[in-house]
Amino acid sequence: MYGFPSLSAASLKMTSRNTPLSGLPLLVKLSHSLMFYTLIAAVVRGAASSQALLLPPQADCQSLDSPNQHSQLYPDFATGNLNGTTLIVPIPLEVAREVIPAEYEIAEAAYRELLPSFPAGKYPMVAQIVHDHDIRVFSLNTSLSDFSRASLEFPFIDIYGDGHSAFRWAGTFLITASNELAIQGAQSYGITVHPATFDPPCDAYTPTLDGAMHAHAQSNDTAASSTFLTIGTEPSGGSVPYPLDFIANVTNQPVFADPRLCDYYLRLYNTSLTAAGATATATAPVPVVGTVRANLAPFAAPQSWEGVYGWRLATPFLEPLGPSVCR
């Protein structure tokens, strides 16, 4: 077992290691969203089997990711393990202001409090390609096939103008084209989704001939066939400008595209998957440096960023089965 914190599904509190500045509601209710109704319909259709598998697994997919060992602890949530690469891309603050919708403030003081040495005049955009593995809803006796997603995301967004609340704006995703439920779930939050093909198809990254790690997502949309995101990384050794605590804070800020609805997706950074000396060597935390290339909203033209730092790691996750009011 992972040694998970003693949290209940009815009173989910975040630990000091992964508490976003705005906090997570103490009660996260199961809302009747598109995701919820799709799950229920699938369970009814599959009631004759011992467990409803909502979508068939991808052919010949053998993931290296660790199995889900926490679904019974959080039976009313979608649970699984999330593996992938999360990079912090310092972009000019004026560029961030151009691409982030004008009605939202940027909580610059919040990220500078966490990272006093962050370059002046810069903003910490997130680039990531991740793989959701062994996804289950224990209370519904349901599982969902693995899928990958890629995105450029914008943390420390102050949607209420109070100067300190931190939300993460994610307007566009690339998601595995065969996983209709994952696509519909993201769309229920107002996110624009491009069904996509991923390399590798069954894991978060794959080694290259020179020993680096590579991940690529390419849109399948005919009208957006040039939309893509590519991340290539290698271990950064002793250079770790962004501690894991910062990554935990950023990735646990509530996600939104429509400010009326938030996804309180929670990654658990206090389990044996991320502990010092983690035994799951294939997914243990590794500080990395690399390159991001993208032709992806909200940027209107292709972009490339080199020498950017972050982490390659896996964590367990919990996700409510539908949106909640942003607060």
# chains A, B, ... in the order shown; residues from 1 in each chain; ligands from 1
>>> residues_around(residues="segment 150-157 of chain A", least_positions_apart="6", cutoff="6 Å", atoms="only C-alpha atoms", output="PyMOL selection string")
chain A and resi 105-107+125-129+166-170+173-174
>>> write_last_selection(atoms="C-alpha atoms", output="CSV table (one decimal), in the first residue's frame")
chain,number,residue,atom,x,y,z
A,105,GLU,CA,-6.1,39.0,-12.7
A,106,ILE,CA,-2.6,37.4,-12.3
A,107,ALA,CA,-1.6,36.8,-8.7
A,125,MET,CA,3.3,28.9,-17.4
A,126,VAL,CA,2.9,25.1,-17.1
A,127,ALA,CA,3.5,22.7,-20.0
A,128,GLN,CA,2.7,19.1,-19.4
A,129,ILE,CA,2.0,15.8,-21.1
A,166,ALA,CA,-5.0,31.0,-7.0
A,167,PHE,CA,-6.8,29.0,-9.8
A,168,ARG,CA,-5.3,27.4,-12.9
A,169,TRP,CA,-6.7,28.4,-16.3
A,170,ALA,CA,-6.7,25.6,-18.8
A,173,PHE,CA,-6.5,20.0,-24.0
A,174,LEU,CA,-5.2,17.4,-26.3
>>> closest_atom_pairs(of="segment 65-103 of chain A", to="segment 231-238 of chain A", cutoff="10 Å", atoms="only C-alpha atoms", output="tab-separated table")
residue	atom	partner	partner_atom	distance
A:Thr85	CA	A:Ile231	CA	8.0
A:Thr86	CA	A:Ile231	CA	9.4
A:Leu87	CA	A:Ile231	CA	8.9
>>> write_last_selection(atoms="N, CA and C atoms", output="CSV table (one decimal), in the first residue's frame")
chain,number,residue,atom,x,y,z
A,85,THR,N,5.3,14.5,-17.3
A,85,THR,CA,6.2,15.5,-17.2
A,85,THR,C,5.5,16.9,-17.1
A,86,THR,N,5.9,17.6,-16.0
A,86,THR,CA,5.3,18.9,-15.8
A,86,THR,C,6.5,19.9,-15.8
A,87,LEU,N,6.5,20.9,-16.7
A,87,LEU,CA,7.6,21.8,-16.8
A,87,LEU,C,7.0,23.2,-16.5
>>> closest_residue(among="A:Pro243, A:Gly80, A:Gly211, A:Pro75", to="Phe138 of chain A", atoms="only C-alpha atoms")
A:Pro75
>>> select_by_dssp(residues="segment 91-246 of chain A", states="helix (DSSP H, G or I)", output="PyMOL selection string")
chain A and resi 93-99+108-114+138-140+180-187+222-224+244-246
>>> write_last_selection(atoms="C-alpha atoms", output="PDB file, in the first residue's frame")
ATOM      1  CA  LEU A  93       4.574  38.655 -17.989  1.00  0.00           C
ATOM      2  CA  GLU A  94       3.273  40.862 -20.794  1.00  0.00           C
ATOM      3  CA  VAL A  95       2.848  37.786 -23.022  1.00  0.00           C
ATOM      4  CA  ALA A  96       0.948  36.032 -20.237  1.00  0.00           C
ATOM      5  CA  ARG A  97      -1.264  39.084 -19.959  1.00  0.00           C
ATOM      6  CA  GLU A  98      -1.964  38.924 -23.707  1.00  0.00           C
ATOM      7  CA  VAL A  99      -2.996  35.262 -23.812  1.00  0.00           C
ATOM      8  CA  GLU A 108       2.014  37.681  -9.199  1.00  0.00           C
ATOM      9  CA  ALA A 109       2.637  38.233  -5.492  1.00  0.00           C
ATOM     10  CA  ALA A 110       1.450  34.674  -4.797  1.00  0.00           C
ATOM     11  CA  TYR A 111       4.027  32.922  -6.969  1.00  0.00           C
ATOM     12  CA  ARG A 112       6.789  35.308  -5.929  1.00  0.00           C
ATOM     13  CA  GLU A 113       6.071  34.491  -2.297  1.00  0.00           C
ATOM     14  CA  LEU A 114       6.648  30.818  -3.117  1.00  0.00           C
ATOM     15  CA  PHE A 138     -15.083   2.121  -6.523  1.00  0.00           C
ATOM     16  CA  SER A 139     -18.608   3.036  -5.383  1.00  0.00           C
ATOM     17  CA  LEU A 140     -19.922   2.508  -8.937  1.00  0.00           C
ATOM     18  CA  GLU A 180     -14.762   9.603 -25.551  1.00  0.00           C
ATOM     19  CA  LEU A 181     -15.624   9.714 -21.851  1.00  0.00           C
ATOM     20  CA  ALA A 182     -12.424  11.593 -20.966  1.00  0.00           C
ATOM     21  CA  ILE A 183     -13.107  14.020 -23.816  1.00  0.00           C
ATOM     22  CA  GLN A 184     -16.706  14.591 -22.729  1.00  0.00           C
ATOM     23  CA  GLY A 185     -15.637  14.991 -19.112  1.00  0.00           C
ATOM     24  CA  ALA A 186     -13.186  17.769 -20.000  1.00  0.00           C
ATOM     25  CA  GLN A 187     -15.721  19.450 -22.270  1.00  0.00           C
ATOM     26  CA  THR A 222      -8.966  17.833 -39.693  1.00  0.00           C
ATOM     27  CA  ALA A 223      -9.518  21.518 -39.009  1.00  0.00           C
ATOM     28  CA  ALA A 224      -6.710  21.604 -36.427  1.00  0.00           C
ATOM     29  CA  LEU A 244       8.519  19.592  -5.685  1.00  0.00           C
ATOM     30  CA  ASP A 245       6.462  21.619  -3.204  1.00  0.00           C
ATOM     31  CA  PHE A 246       6.027  24.296  -5.876  1.00  0.00           C
TER      32      PHE A 246
END
>>> closest_atom_pairs(of="segment 87-113 of chain A", to="segment 254-261 of chain A", cutoff="12 Å", atoms="only C-alpha atoms", output="CSV")
residue,atom,partner,partner_atom,distance
A:Ile100,CA,A:Ala257,CA,10.8
A:Pro101,CA,A:Ala257,CA,10.2
A:Glu103,CA,A:Pro259,CA,10.4
A:Tyr104,CA,A:Pro259,CA,9.4
>>> write_last_selection(atoms="C-alpha atoms", output="tab-separated table (two decimals), in the first residue's frame")
chain	number	residue	atom	x	y	z
A	100	ILE	CA	-4.84	35.00	-20.47
A	101	PRO	CA	-8.40	36.39	-20.75
A	103	GLU	CA	-11.10	39.61	-17.11
A	104	TYR	CA	-8.77	37.53	-14.91
>>> select_by_dssp(residues="segment 150-180 of chain A", states="strand (DSSP E)", output="count of residues only")
17
